[in-house]
Each structure stands twice: as structure tokens, then as C-alpha cells.
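Novice: Please find run-v7.pdb (PDB, C-alpha atoms) on the next line:
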MODEL        1
ATOM      1  CA  MET A  21     -18.526 -12.605 -19.535
ATOM      2  CA  ILE A  22     -19.353  -8.974 -18.693
ATOM      3  CA  THR A  23     -22.516  -7.629 -20.297
ATOM      4  CA  SER A  24     -23.146  -4.733 -17.891
ATOM      5  CA  LEU A  25     -21.280  -3.517 -14.808
ATOM      6  CA  GLY A  26     -24.534  -3.045 -12.892
ATOM      7  CA  PRO A  27     -25.564  -0.298 -10.469
ATOM      8  CA  TYR A  28     -22.074   0.068  -8.973
ATOM      9  CA  ALA A  29     -20.231   0.533 -12.276
ATOM     10  CA  GLY A  30     -18.725   3.821 -11.041
ATOM     11  CA  PHE A  31     -17.021   2.075  -8.083
ATOM     12  CA  ILE A  32     -15.621  -0.676 -10.345
ATOM     13  CA  LEU A  33     -14.326   1.762 -12.974
ATOM     14  CA  LEU A  34     -12.800   4.031 -10.300
ATOM     15  CA  SER A  35     -10.960   1.002  -8.828
ATOM     16  CA  TYR A  36      -9.476  -0.011 -12.179
ATOM     17  CA  GLY A  37      -8.675   3.648 -12.906
ATOM     18  CA  ALA A  38      -6.799   3.932  -9.606
ATOM     19  CA  ALA A  39      -4.838   0.733 -10.377
ATOM     20  CA  THR A  40      -3.938   2.021 -13.849
ATOM     21  CA  LEU A  41      -2.857   5.355 -12.380
ATOM     22  CA  ALA A  42      -0.698   3.597  -9.737
ATOM     23  CA  ALA A  43       1.002   1.254 -12.236
ATOM     24  CA  LEU A  44       1.596   3.971 -14.830
ATOM     25  CA  GLY A  45       2.635   6.514 -12.192
ATOM     26  CA  LEU A  46       5.293   4.187 -10.763
ATOM     27  CA  THR A  47       6.538   3.249 -14.247
ATOM     28  CA  ILE A  48       6.820   6.883 -15.374
ATOM     29  CA  TRP A  49       8.549   7.859 -12.112
ATOM     30  CA  VAL A  50      11.136   5.072 -12.476
ATOM     31  CA  VAL A  51      11.810   5.817 -16.182
ATOM     32  CA  LEU A  52      12.099   9.608 -15.744
ATOM     33  CA  ASP A  53      14.260   9.215 -12.630
ATOM     34  CA  HIS A  54      16.597   6.863 -14.530
ATOM     35  CA  ARG A  55      16.881   9.301 -17.451
ATOM     36  CA  ARG A  56      17.653  12.241 -15.112
ATOM     37  CA  LEU A  57      20.247  10.253 -13.134
ATOM     38  CA  LYS A  58      22.007   9.008 -16.284
ATOM     39  CA  GLN A  59      22.235  12.599 -17.562
ATOM     40  CA  THR A  60      23.635  13.855 -14.241
ATOM     41  CA  LEU A  61      26.191  11.032 -14.112
ATOM     42  CA  ALA A  62      27.238  11.648 -17.718
ATOM     43  CA  ALA A  63      27.663  15.379 -16.978
ATOM     44  CA  LEU A  64      29.874  14.617 -13.955
ATOM     45  CA  GLU A  65      31.988  12.151 -15.929
ATOM     46  CA  ALA A  66      32.341  14.706 -18.736
ATOM     47  CA  ARG A  67      33.897  17.033 -16.126
ATOM     48  CA  GLY A  68      36.556  14.383 -15.511
ATOM     49  CA  LEU A  69      35.050  13.007 -12.314
ATOM     50  CA  THR A  70      35.217   9.214 -12.230
ATOM     51  CA  ARG A  71      34.755   6.607  -9.546
ATOM     52  CA  ARG A  72      37.812   5.219  -7.739
ATOM     53  CA  SER A  73      37.083   1.718  -9.095
ATOM     54  CA  ALA A  74      36.810   3.105 -12.654
ATOM     55  CA  ARG A  75      40.163   4.896 -12.265
ATOM     56  CA  ALA A  76      41.741   1.712 -10.892
ATOM     57  CA  ALA A  77      40.310  -0.279 -13.801
ATOM     58  CA  ALA A  78      41.756   2.252 -16.248
ATOM     59  CA  ARG A  79      45.186   1.906 -14.609
ATOM     60  CA  ILE A  80      45.013  -1.890 -14.643
ATOM     61  CA  ALA A  81      43.790  -2.084 -18.235
ATOM     62  CA  PRO A  82      47.204  -1.813 -19.985
ATOM     63  CA  GLU A  83      48.574  -4.558 -17.740
ATOM     64  CA  THR A  84      46.186  -7.217 -19.007
ATOM     65  CA  PRO A  85      47.940 -10.130 -20.785
ATOM     66  CA  MET A  86      46.622  -9.067 -24.188
ATOM     67  CA  ASP A  87      47.802  -5.475 -23.744
ATOM     68  CA  ALA A  88      51.176  -6.683 -22.504
ATOM     69  CA  LYS A  89      51.491  -8.886 -25.600
ATOM     70  CA  LEU A  90      50.565  -5.967 -27.874
ATOM     71  CA  GLU A  91      53.102  -3.729 -26.139
ATOM     72  CA  THR A  92      55.795  -6.379 -26.595
ATOM     73  CA  GLN A  93      54.953  -6.676 -30.297
ATOM     74  CA  ALA A  94      55.092  -2.898 -30.683
TER      75      ALA A  94
ATOM     76  CA  MET B  29      26.362 -16.714  -8.350
ATOM     77  CA  LEU B  30      23.519 -14.759  -6.753
ATOM     78  CA  LEU B  31      23.964 -12.922  -3.441
ATOM     79  CA  ALA B  32      27.770 -12.891  -3.359
ATOM     80  CA  ASP B  33      28.085 -11.959  -7.047
ATOM     81  CA  LEU B  34      25.295  -9.384  -6.869
ATOM     82  CA  ALA B  35      27.110  -7.635  -4.016
ATOM     83  CA  ASN B  36      29.037  -5.919  -6.790
ATOM     84  CA  PRO B  37      26.822  -2.959  -7.885
ATOM     85  CA  THR B  38      28.383  -2.840 -11.366
ATOM     86  CA  ARG B  39      27.548  -6.513 -11.922
ATOM     87  CA  PHE B  40      24.048  -5.901 -10.554
ATOM     88  CA  LEU B  41      23.541  -2.948 -12.943
ATOM     89  CA  ALA B  42      24.565  -5.106 -15.906
ATOM     90  CA  LEU B  43      22.198  -7.905 -14.874
ATOM     91  CA  ALA B  44      19.316  -5.464 -14.214
ATOM     92  CA  GLY B  45      19.884  -3.812 -17.594
ATOM     93  CA  ARG B  46      19.495  -7.199 -19.301
ATOM     94  CA  LEU B  47      16.478  -8.350 -17.239
ATOM     95  CA  ILE B  48      14.308  -5.212 -17.075
ATOM     96  CA  PRO B  49      13.182  -5.120 -20.766
ATOM     97  CA  TRP B  50      12.202  -8.826 -20.648
ATOM     98  CA  LEU B  51      10.389  -8.410 -17.324
ATOM     99  CA  ALA B  52       8.552  -5.321 -18.629
ATOM    100  CA  GLY B  53       7.365  -7.299 -21.664
ATOM    101  CA  LEU B  54       6.319 -10.226 -19.451
ATOM    102  CA  THR B  55       4.369  -7.818 -17.191
ATOM    103  CA  VAL B  56       2.370  -6.478 -20.167
ATOM    104  CA  VAL B  57       1.601 -10.017 -21.414
ATOM    105  CA  LEU B  58       0.547 -11.191 -17.929
ATOM    106  CA  PHE B  59      -1.737  -8.172 -17.399
ATOM    107  CA  ALA B  60      -3.326  -8.712 -20.827
ATOM    108  CA  GLY B  61      -3.947 -12.379 -19.986
ATOM    109  CA  GLY B  62      -5.179 -11.591 -16.471
ATOM    110  CA  LEU B  63      -7.608  -8.909 -17.632
ATOM    111  CA  ALA B  64      -8.951 -11.234 -20.363
ATOM    112  CA  LEU B  65      -9.716 -13.801 -17.644
ATOM    113  CA  VAL B  66     -11.310 -11.084 -15.448
ATOM    114  CA  VAL B  67     -13.627 -10.043 -18.309
ATOM    115  CA  ARG B  68     -14.688 -13.677 -18.837
ATOM    116  CA  SER B  69     -15.168 -14.446 -15.128
ATOM    117  CA  PRO B  70     -18.734 -14.663 -13.794
ATOM    118  CA  ALA B  71     -20.443 -12.158 -11.511
ATOM    119  CA  ASP B  72     -20.789 -13.192  -7.862
ATOM    120  CA  TYR B  73     -24.234 -14.494  -6.794
ATOM    121  CA  LEU B  74     -24.276 -12.064  -3.859
ATOM    122  CA  GLN B  75     -22.010  -9.150  -4.836
ATOM    123  CA  GLY B  76     -22.847  -9.074  -8.543
ATOM    124  CA  GLU B  77     -20.320  -7.308 -10.785
ATOM    125  CA  THR B  78     -18.782  -5.490  -7.806
ATOM    126  CA  VAL B  79     -16.712  -8.639  -7.158
ATOM    127  CA  ARG B  80     -14.449  -7.512 -10.032
ATOM    128  CA  ILE B  81     -12.853  -4.984  -7.652
ATOM    129  CA  MET B  82     -11.384  -8.070  -5.904
ATOM    130  CA  TYR B  83      -9.045  -8.742  -8.868
ATOM    131  CA  ILE B  84      -7.336  -5.395  -8.191
ATOM    132  CA  HIS B  85      -7.781  -5.055  -4.441
ATOM    133  CA  VAL B  86      -6.483  -8.471  -3.350
ATOM    134  CA  PRO B  87      -3.232  -8.425  -5.421
ATOM    135  CA  ALA B  88      -2.558  -4.844  -4.248
ATOM    136  CA  ALA B  89      -3.080  -5.908  -0.623
ATOM    137  CA  TRP B  90      -0.836  -8.982  -1.052
ATOM    138  CA  LEU B  91       1.892  -6.853  -2.596
ATOM    139  CA  SER B  92       1.661  -4.236   0.153
ATOM    140  CA  MET B  93       2.690  -7.003   2.570
ATOM    141  CA  LEU B  94       5.126  -8.797   0.251
ATOM    142  CA  THR B  95       6.995  -5.535  -0.362
ATOM    143  CA  TYR B  96       7.339  -4.947   3.364
ATOM    144  CA  ALA B  97       8.551  -8.548   3.797
ATOM    145  CA  VAL B  98      11.210  -7.891   1.117
ATOM    146  CA  MET B  99      12.218  -4.766   3.053
ATOM    147  CA  ALA B 100      12.415  -6.761   6.312
ATOM    148  CA  VAL B 101      14.774  -9.321   4.699
ATOM    149  CA  SER B 102      16.808  -6.416   3.286
ATOM    150  CA  ALA B 103      16.963  -4.860   6.759
ATOM    151  CA  LEU B 104      18.452  -8.115   8.062
ATOM    152  CA  GLY B 105      20.890  -7.950   5.147
ATOM    153  CA  THR B 106      21.929  -4.460   6.249
ATOM    154  CA  LEU B 107      22.297  -5.215   9.960
ATOM    155  CA  VAL B 108      23.499  -8.839   9.969
ATOM    156  CA  TRP B 109      25.246  -9.577   6.664
ATOM    157  CA  ARG B 110      26.122  -5.953   5.778
ATOM    158  CA  HIS B 111      25.283  -6.691   2.152
ATOM    159  CA  PRO B 112      26.108  -3.593   0.038
ATOM    160  CA  LEU B 113      22.831  -3.755  -1.871
ATOM    161  CA  ALA B 114      20.553  -4.530   1.098
ATOM    162  CA  ASP B 115      19.770  -0.895   1.949
ATOM    163  CA  VAL B 116      19.486  -0.103  -1.763
ATOM    164  CA  ALA B 117      16.840  -2.859  -2.056
ATOM    165  CA  ALA B 118      14.893  -1.641   0.989
ATOM    166  CA  ARG B 119      14.979   2.010  -0.043
ATOM    167  CA  ALA B 120      13.936   1.237  -3.620
ATOM    168  CA  ALA B 121      11.017  -0.918  -2.427
ATOM    169  CA  ALA B 122       9.473   1.636  -0.039
ATOM    170  CA  PRO B 123       7.743   3.977  -2.572
ATOM    171  CA  ILE B 124       6.449   0.943  -4.492
ATOM    172  CA  GLY B 125       5.101  -0.615  -1.296
ATOM    173  CA  ALA B 126       3.492   2.680  -0.257
ATOM    174  CA  THR B 127       1.747   2.939  -3.643
ATOM    175  CA  PHE B 128       0.400  -0.636  -3.499
ATOM    176  CA  THR B 129      -0.793  -0.077   0.080
ATOM    177  CA  ALA B 130      -2.552   3.155  -0.944
ATOM    178  CA  LEU B 131      -4.134   1.263  -3.856
ATOM    179  CA  ALA B 132      -5.336  -1.505  -1.497
ATOM    180  CA  LEU B 133      -6.866   1.113   0.836
ATOM    181  CA  VAL B 134      -8.557   3.058  -1.986
ATOM    182  CA  THR B 135      -9.958   0.003  -3.783
ATOM    183  CA  GLY B 136     -11.008  -1.460  -0.418
ATOM    184  CA  SER B 137     -12.992   1.701   0.309
ATOM    185  CA  LEU B 138     -14.541   1.643  -3.166
ATOM    186  CA  TRP B 139     -15.504  -2.013  -2.635
ATOM    187  CA  GLY B 140     -16.690  -1.378   0.918
ATOM    188  CA  ARG B 141     -19.172   1.394   0.107
ATOM    189  CA  PRO B 142     -21.534  -0.724  -2.037
ATOM    190  CA  MET B 143     -20.993  -3.940  -0.007
ATOM    191  CA  TRP B 144     -20.803  -2.718   3.610
ATOM    192  CA  GLY B 145     -22.507   0.641   3.222
ATOM    193  CA  THR B 146     -19.402   2.547   4.343
ATOM    194  CA  TYR B 147     -16.102   3.674   2.845
ATOM    195  CA  TRP B 148     -14.210   3.210   6.098
ATOM    196  CA  GLU B 149     -14.507   1.369   9.394
ATOM    197  CA  TRP B 150     -11.899   1.404  12.174
ATOM    198  CA  ASP B 151     -11.749  -2.379  12.285
ATOM    199  CA  ALA B 152      -8.521  -4.311  12.909
ATOM    200  CA  ARG B 153      -7.730  -5.213   9.270
ATOM    201  CA  LEU B 154      -8.337  -1.752   7.817
ATOM    202  CA  THR B 155      -6.556   0.022  10.664
ATOM    203  CA  SER B 156      -3.486  -2.276  10.565
ATOM    204  CA  VAL B 157      -3.147  -1.710   6.796
ATOM    205  CA  LEU B 158      -3.409   2.048   7.380
ATOM    206  CA  VAL B 159      -0.591   1.680   9.955
ATOM    207  CA  LEU B 160       1.457  -0.153   7.284
ATOM    208  CA  PHE B 161       0.922   2.780   4.901
ATOM    209  CA  ILE B 162       2.054   5.248   7.581
ATOM    210  CA  MET B 163       5.121   3.036   8.243
ATOM    211  CA  TYR B 164       6.076   3.261   4.570
ATOM    212  CA  LEU B 165       5.732   7.067   4.597
ATOM    213  CA  GLY B 166       7.727   7.297   7.840
ATOM    214  CA  LEU B 167      10.566   5.203   6.389
ATOM    215  CA  ILE B 168      10.702   7.288   3.196
ATOM    216  CA  ALA B 169      10.861  10.431   5.358
ATOM    217  CA  LEU B 170      13.615   8.896   7.533
ATOM    218  CA  TRP B 171      15.812   8.033   4.521
ATOM    219  CA  ARG B 172      15.374  11.558   3.182
ATOM    220  CA  THR B 173      16.166  13.162   6.535
ATOM    221  CA  ILE B 174      19.495  11.438   7.266
ATOM    222  CA  GLU B 175      22.174  12.668   4.866
ATOM    223  CA  ASP B 176      24.752   9.932   5.536
ATOM    224  CA  PRO B 177      23.569   6.729   3.756
ATOM    225  CA  THR B 178      25.322   4.402   6.259
ATOM    226  CA  ARG B 179      23.639   5.982   9.297
ATOM    227  CA  GLY B 180      20.346   6.215   7.429
ATOM    228  CA  ALA B 181      20.580   2.542   6.446
ATOM    229  CA  ARG B 182      21.050   1.344  10.038
ATOM    230  CA  ALA B 183      18.276   3.550  11.450
ATOM    231  CA  ALA B 184      15.858   2.514   8.674
ATOM    232  CA  ALA B 185      16.747  -1.189   9.061
ATOM    233  CA  ILE B 186      15.948  -1.092  12.789
ATOM    234  CA  LEU B 187      12.642   0.710  12.145
ATOM    235  CA  ILE B 188      11.727  -1.749   9.356
ATOM    236  CA  LEU B 189      12.339  -4.743  11.650
ATOM    237  CA  VAL B 190      10.285  -3.168  14.462
ATOM    238  CA  GLY B 191       7.487  -2.426  11.971
ATOM    239  CA  SER B 192       7.500  -5.992  10.633
ATOM    240  CA  VAL B 193       5.528  -6.969  13.768
ATOM    241  CA  ASN B 194       2.577  -5.435  11.908
ATOM    242  CA  LEU B 195       2.674  -8.113   9.146
ATOM    243  CA  PRO B 196       1.250 -11.016  11.228
ATOM    244  CA  ILE B 197      -1.185  -8.549  12.827
ATOM    245  CA  ILE B 198      -2.538  -7.667   9.353
ATOM    246  CA  LYS B 199      -2.691 -11.322   8.288
ATOM    247  CA  PHE B 200      -4.415 -12.669  11.408
ATOM    248  CA  SER B 201      -6.436  -9.563  12.367
ATOM    249  CA  VAL B 202      -9.533 -11.092  10.764
ATOM    250  CA  ASP B 203      -9.132 -14.212  12.962
ATOM    251  CA  TRP B 204      -8.123 -12.519  16.222
ATOM    252  CA  TRP B 205     -10.813  -9.822  16.263
ATOM    253  CA  ASN B 206     -14.377  -9.368  15.044
ATOM    254  CA  THR B 207     -13.917  -7.400  11.853
ATOM    255  CA  LEU B 208     -16.139  -6.087   9.098
ATOM    256  CA  HIS B 209     -13.497  -7.384   6.682
ATOM    257  CA  GLN B 210     -14.067 -10.998   5.597
ATOM    258  CA  PRO B 211     -11.697 -13.761   6.777
ATOM    259  CA  ALA B 212      -9.064 -15.293   4.463
ATOM    260  CA  SER B 213     -10.544 -17.156   1.492
ATOM    261  CA  VAL B 214      -7.423 -18.109  -0.522
ATOM    262  CA  PHE B 215      -4.500 -18.913   1.809
ATOM    263  CA  ARG B 216      -6.235 -21.262   4.255
ATOM    264  CA  ILE B 217      -5.148 -24.539   5.846
ATOM    265  CA  ASP B 218      -8.239 -26.287   4.417
ATOM    266  CA  GLY B 219      -7.684 -24.794   0.940
ATOM    267  CA  PRO B 220      -9.292 -21.869  -0.894
ATOM    268  CA  THR B 221     -13.037 -21.343  -0.444
ATOM    269  CA  ILE B 222     -13.275 -19.203  -3.580
ATOM    270  CA  ASP B 223     -14.760 -20.774  -6.742
ATOM    271  CA  PRO B 224     -12.179 -21.850  -9.384
ATOM    272  CA  THR B 225     -13.852 -19.610 -12.001
ATOM    273  CA  MET B 226     -12.824 -16.648  -9.819
ATOM    274  CA  LEU B 227      -9.654 -18.125  -8.335
ATOM    275  CA  LEU B 228      -7.956 -18.472 -11.737
ATOM    276  CA  PRO B 229      -8.330 -14.788 -12.789
ATOM    277  CA  LEU B 230      -7.364 -13.733  -9.259
ATOM    278  CA  ALA B 231      -4.174 -15.851  -9.422
ATOM    279  CA  ALA B 232      -3.396 -14.495 -12.912
ATOM    280  CA  MET B 233      -3.783 -10.885 -11.740
ATOM    281  CA  ALA B 234      -1.717 -11.592  -8.604
ATOM    282  CA  LEU B 235       1.071 -12.994 -10.799
ATOM    283  CA  ALA B 236       0.909  -9.942 -13.113
ATOM    284  CA  PHE B 237       1.104  -7.570 -10.124
ATOM    285  CA  THR B 238       4.024  -9.546  -8.656
ATOM    286  CA  VAL B 239       6.039  -9.425 -11.900
ATOM    287  CA  LEU B 240       5.220  -5.684 -12.127
ATOM    288  CA  PHE B 241       6.659  -5.289  -8.618
ATOM    289  CA  VAL B 242       9.834  -7.241  -9.490
ATOM    290  CA  THR B 243      10.341  -5.110 -12.632
ATOM    291  CA  LEU B 244       9.768  -1.809 -10.830
ATOM    292  CA  HIS B 245      11.926  -2.876  -7.892
ATOM    293  CA  LEU B 246      14.877  -3.815 -10.113
ATOM    294  CA  ALA B 247      14.539  -0.513 -12.011
ATOM    295  CA  ALA B 248      14.263   1.496  -8.769
ATOM    296  CA  MET B 249      17.325  -0.325  -7.327
ATOM    297  CA  ARG B 250      19.279   0.543 -10.465
ATOM    298  CA  ASN B 251      18.267   4.195  -9.987
ATOM    299  CA  GLU B 252      19.277   4.128  -6.331
ATOM    300  CA  ILE B 253      22.764   2.801  -7.208
ATOM    301  CA  LEU B 254      23.181   5.600  -9.777
ATOM    302  CA  ARG B 255      21.990   8.167  -7.186
ATOM    303  CA  ARG B 256      24.663   6.945  -4.738
ATOM    304  CA  ARG B 257      27.352   7.090  -7.419
ATOM    305  CA  ILE B 258      26.368  10.688  -8.192
ATOM    306  CA  ARG B 259      26.502  11.534  -4.480
ATOM    307  CA  ALA B 260      29.952   9.936  -4.151
ATOM    308  CA  LEU B 261      31.238  11.830  -7.207
ATOM    309  CA  GLY B 262      29.790  15.060  -5.804
ATOM    310  CA  LEU B 263      31.649  14.484  -2.525
ATOM    311  CA  THR B 264      34.866  13.745  -4.448
ATOM    312  CA  ALA B 265      34.436  16.994  -6.399
ATOM    313  CA  ALA B 266      33.787  18.931  -3.177
ATOM    314  CA  GLY B 267      36.945  17.397  -1.637
ATOM    315  CA  ALA B 268      39.005  18.348  -4.710
ATOM    316  CA  VAL B 269      37.767  21.960  -4.541
ATOM    317  CA  ARG B 270      38.736  22.161  -0.859
TER     318      ARG B 270
ENDMDL
END
Just dump the structure as C-alpha cells.
Specialist:
Amino acid sequence: MITSLGPYAGFILLSYGAATLAALGLTIWVVLDHRRLKQTLAALEARGLTRRSARAAARIAPETPMDAKLETQA
Amino acid sequence: MLLADLANPTRFLALAGRLIPWLAGLTVVLFAGGLALVVRSPADYLQGETVRIMYIHVPAAWLSMLTYAVMAVSALGTLVWRHPLADVAARAAAPIGATFTALALVTGSLWGRPMWGTYWEWDARLTSVLVLFIMYLGLIALWRTIEDPTRGARAAAILILVGSVNLPIIKFSVDWWNTLHQPASVFRIDGPTIDPTMLLPLAAMALAFTVLFVTLHLAAMRNEILRRRIRALGLTAAGAVR
């Protein structure tokens, strides 16, 4: 159990401070980057720009068995 | 499941979205447990309380190498299997690896000053880790320089594989040359030489750091996929304008 960090306490505290800074820095970078990218992607999609696979999925969607059944019933 | 299924970025994004919150929670719990063990661990008979720097320095140094090993496997994935997420994985890992390597160098210096009487010595272990750090920075610069992701991926993959020669040099530098840095005391053929009262907190902190890496890597990969989607949409928009 720690009672005192001894004569080199400054070196120990600086090490743990650097580790905290590294872990928090990376976490904040990843979170902020994700938020910025999601906003940019949402803005592009709001302008009507969608990926080719998303457009293909949208075209295929009405042809699924359930949709076909609903269309028949209608 | 796994590699073949994860080749689909949309499926990967869904899986990452489910895993990241759980992994983040696990990271916090593991760090809390690890630090509790560090506080309760004894001081070293020779180094005194300064030995506590080991619980940060050693996991950071392990992860600096593990991250590069992940990048080397990803580079093979890019060049040999042409896996769609291989370059994404390598690119997302590089800033994390660079940070852990910088942390290993800084904490090593802070440990070295009271123990060796110097912050830095150009011995084989310290120099090879500094080379690893420069490799990370070089790769990040290379990815940023080449606009086309396919060309950038191939060039980076080749450089990563060439640079992976440095990994065994780092590991065995303390055996091959006379170094100020101590030889291995955990991963040895005849077993660890470190006392169990210190080995347990060290293992706990190493596990916490590893789960932190996995969490950050998944999150950074998710960001990289989104970045590529934005780039592709931007190119589509530019094509439509033309």
C-alpha cells in the first residue's frame, strides 16, 4: 500500500499524468471526429447524395416478398 | 462469420456500434481494478516507489509493438487478400500506435532519470523504439500525402511490412547488444522473474490498456469508414456537377 511516493514523486506523477493525457486525448479525438463525420455525412445525405448501395437497396426494397404481398392486397 | 462477413463495411459499422459502448465500460472497470492493485502493490526493494512507473511504461511499450503487429497483419490483408477493411484497420491503428509509443518513450525517460541518472541513452532498445515512433509518423504522413486511397493503401502496406523488421529488433535488442535497458522479465522461456505481487497489477494494467486499444481501434475504424463514404459522396457530387 502506498504511504508516500518518496523522493521521486514528481517523476511518478508526471508518468501517470502523461498516461491520462494520452488515453483521454485519444478518446476525445475519436469521439469528436465521429461527431464531425456524422454531421458531414448527414448534411450530404440531406442534399440528396446517397451511396450507390443505398440507392440499390431503395430500389430493391419494394420487391421484397412482404412488399409484393402488400401490393397485391392493395 | 468474422473476416468474410466483416468485409461488408455496413455490417462492420453495425457490429462496432453495438460493441463500442460495452468495451468502453469494460475499459473503465479494468482500469479501476488495475489501479486499485497498483496502489496496493509493494515498493521495490531497490527502486522504491519509482517502480510504479512500470505499470504504465510496460503496457504502453507492449501496445506500441502490438499495434504495429496489427498493422502488419492488416498490410498483408491489403496486399494478399485484398480485404476491404484491411487498409481501414491499418490507418485507424497508426495514430493510436504512435501515441502509445510516445507514452512508452516519455515514461521510459521519466523512469530512467532517477534509476539510470539520464533521461536518454542511445542504446539499442531506446533507439529502436524511437525508430518505431518515426515509422508511425512516416506512415501517417504517407496516408495523408496520397489522395487516392487504393494507391495510398498499397504504398503504406509495403512500408508497414518493411518496417515490421523492427519488431524483433526491439524485442531482442536487450539480448543481442549490451544495453542500459534491462532484459525481459515477463515473457521469458524460463518464466517471469518478477514477483507475483508486482506481476498481478502489471498484468491487470496490461489487460486494461489492451481493451482500451481495442475500443479505440474499433471507434477509429468506424470513423475511417465514414470518412471514405464522405469522400466517395463528394466525388459523386463533383461528377454530377461536371
Novice: Could you list, as a ChimeraX atom specification, every residue matched by the ChimeraX specification (/A :<8) & /B in this structure?
Specialist: /B:67-71,76-78,80-81,84,124,127-128,131,134-135,138-139,142,244,247-248,250-251,254-255,257-258,260-261,264-265
Novice: What's the separation between CA of Trp148 (chain B) and CA of Pro196 (chain B), in Å to one decimal place?
Specialist: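 Result for CA of Trp148 (chain B) versus CA of Pro196 (chain B): 21.6 Å, one decimal.
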Novice: When you count all atoms listed in the file, which of these residues is closest to Trp204 (chain B): B:Ala121, B:Trp144, B:Ala152, B:Pro224?
Specialist: B:Ala152
Novice: Please identify all polymer residues within 10 Å of Leu246 (chain B), counting all atoms listed in the file, omitting same-chain residues fewer than 3 positions from it, and present them as a list in words.
Specialist: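 Listing them by chain and then by number gives Val50 of chain A; Phe40, Leu41, Leu43, Ala44, Gly45, Leu47, Ile48, Leu51, Ala117, Ala120, Ala121, Phe241, Val242, Thr243, Met249, Arg250, Asn251 and Glu252 of chain B.
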Novice: When you draw a straight line from CA of Ile162 (chain B) to CA of Leu187 (chain B), how long is it in Å?
Specialist: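 Value for the CA of Ile162 (chain B)-CA of Leu187 (chain B) distance: 12.4 Å.
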Novice: Which of these residues is nearest to Val193 (chain B), using only C-alpha atoms: B:Ala42, B:Leu167, B:Val159, B:Ala236?
Specialist: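 Going through B:Ala42, B:Leu167, B:Val159, B:Ala236 one by one, the smallest distance to Val193 (chain B) is for B:Val159.
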Novice: Run through the PyMOL selection byres ((chain B and resi 133) around 9) on the given coordinates and return the selected residues as a ChimeraX atom specification.
Specialist: /B:85,88-89,128-132,134-138,154,157-158,161
Novice: Measuring atom to atom with all atoms listed in the file, identify which of B:Gly105, B:Leu228, B:Leu195, B:Ala114 is nearest to Tyr83 (chain B).
Specialist: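 Closest to Tyr83 (chain B), using all atoms listed in the file: B:Leu228.
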Novice: Please identify all polymer residues within 9 Å of Gly191 (chain B), counting all atoms listed in the file, omitting same-chain residues fewer than 4 positions from it, and present them as a list in words.
Specialist: Tyr96, Ala100, Leu160, Met163, Ile186, Leu187 and Leu195 of chain B
Novice: Enter the distance from CA of Leu65 (chain B) to CA of Pro229 (chain B), in Å, rounded to one decimal.
Specialist: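 These two atoms are separated by 5.1 Å.
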Novice: Rank B:Arg153, B:Leu165, B:Thr106, B:Arg179 by their smallest atom-to-atom distance to Ala212 (chain B), using all atoms listed in the file, and report the top residue only.
Specialist: B:Arg153
Novice: Between B:Leu91, B:Met233, B:Ala185, B:Met226, which is the closest to Val108 (chain B) once you count all atoms listed in the file?
Specialist: B:Ala185
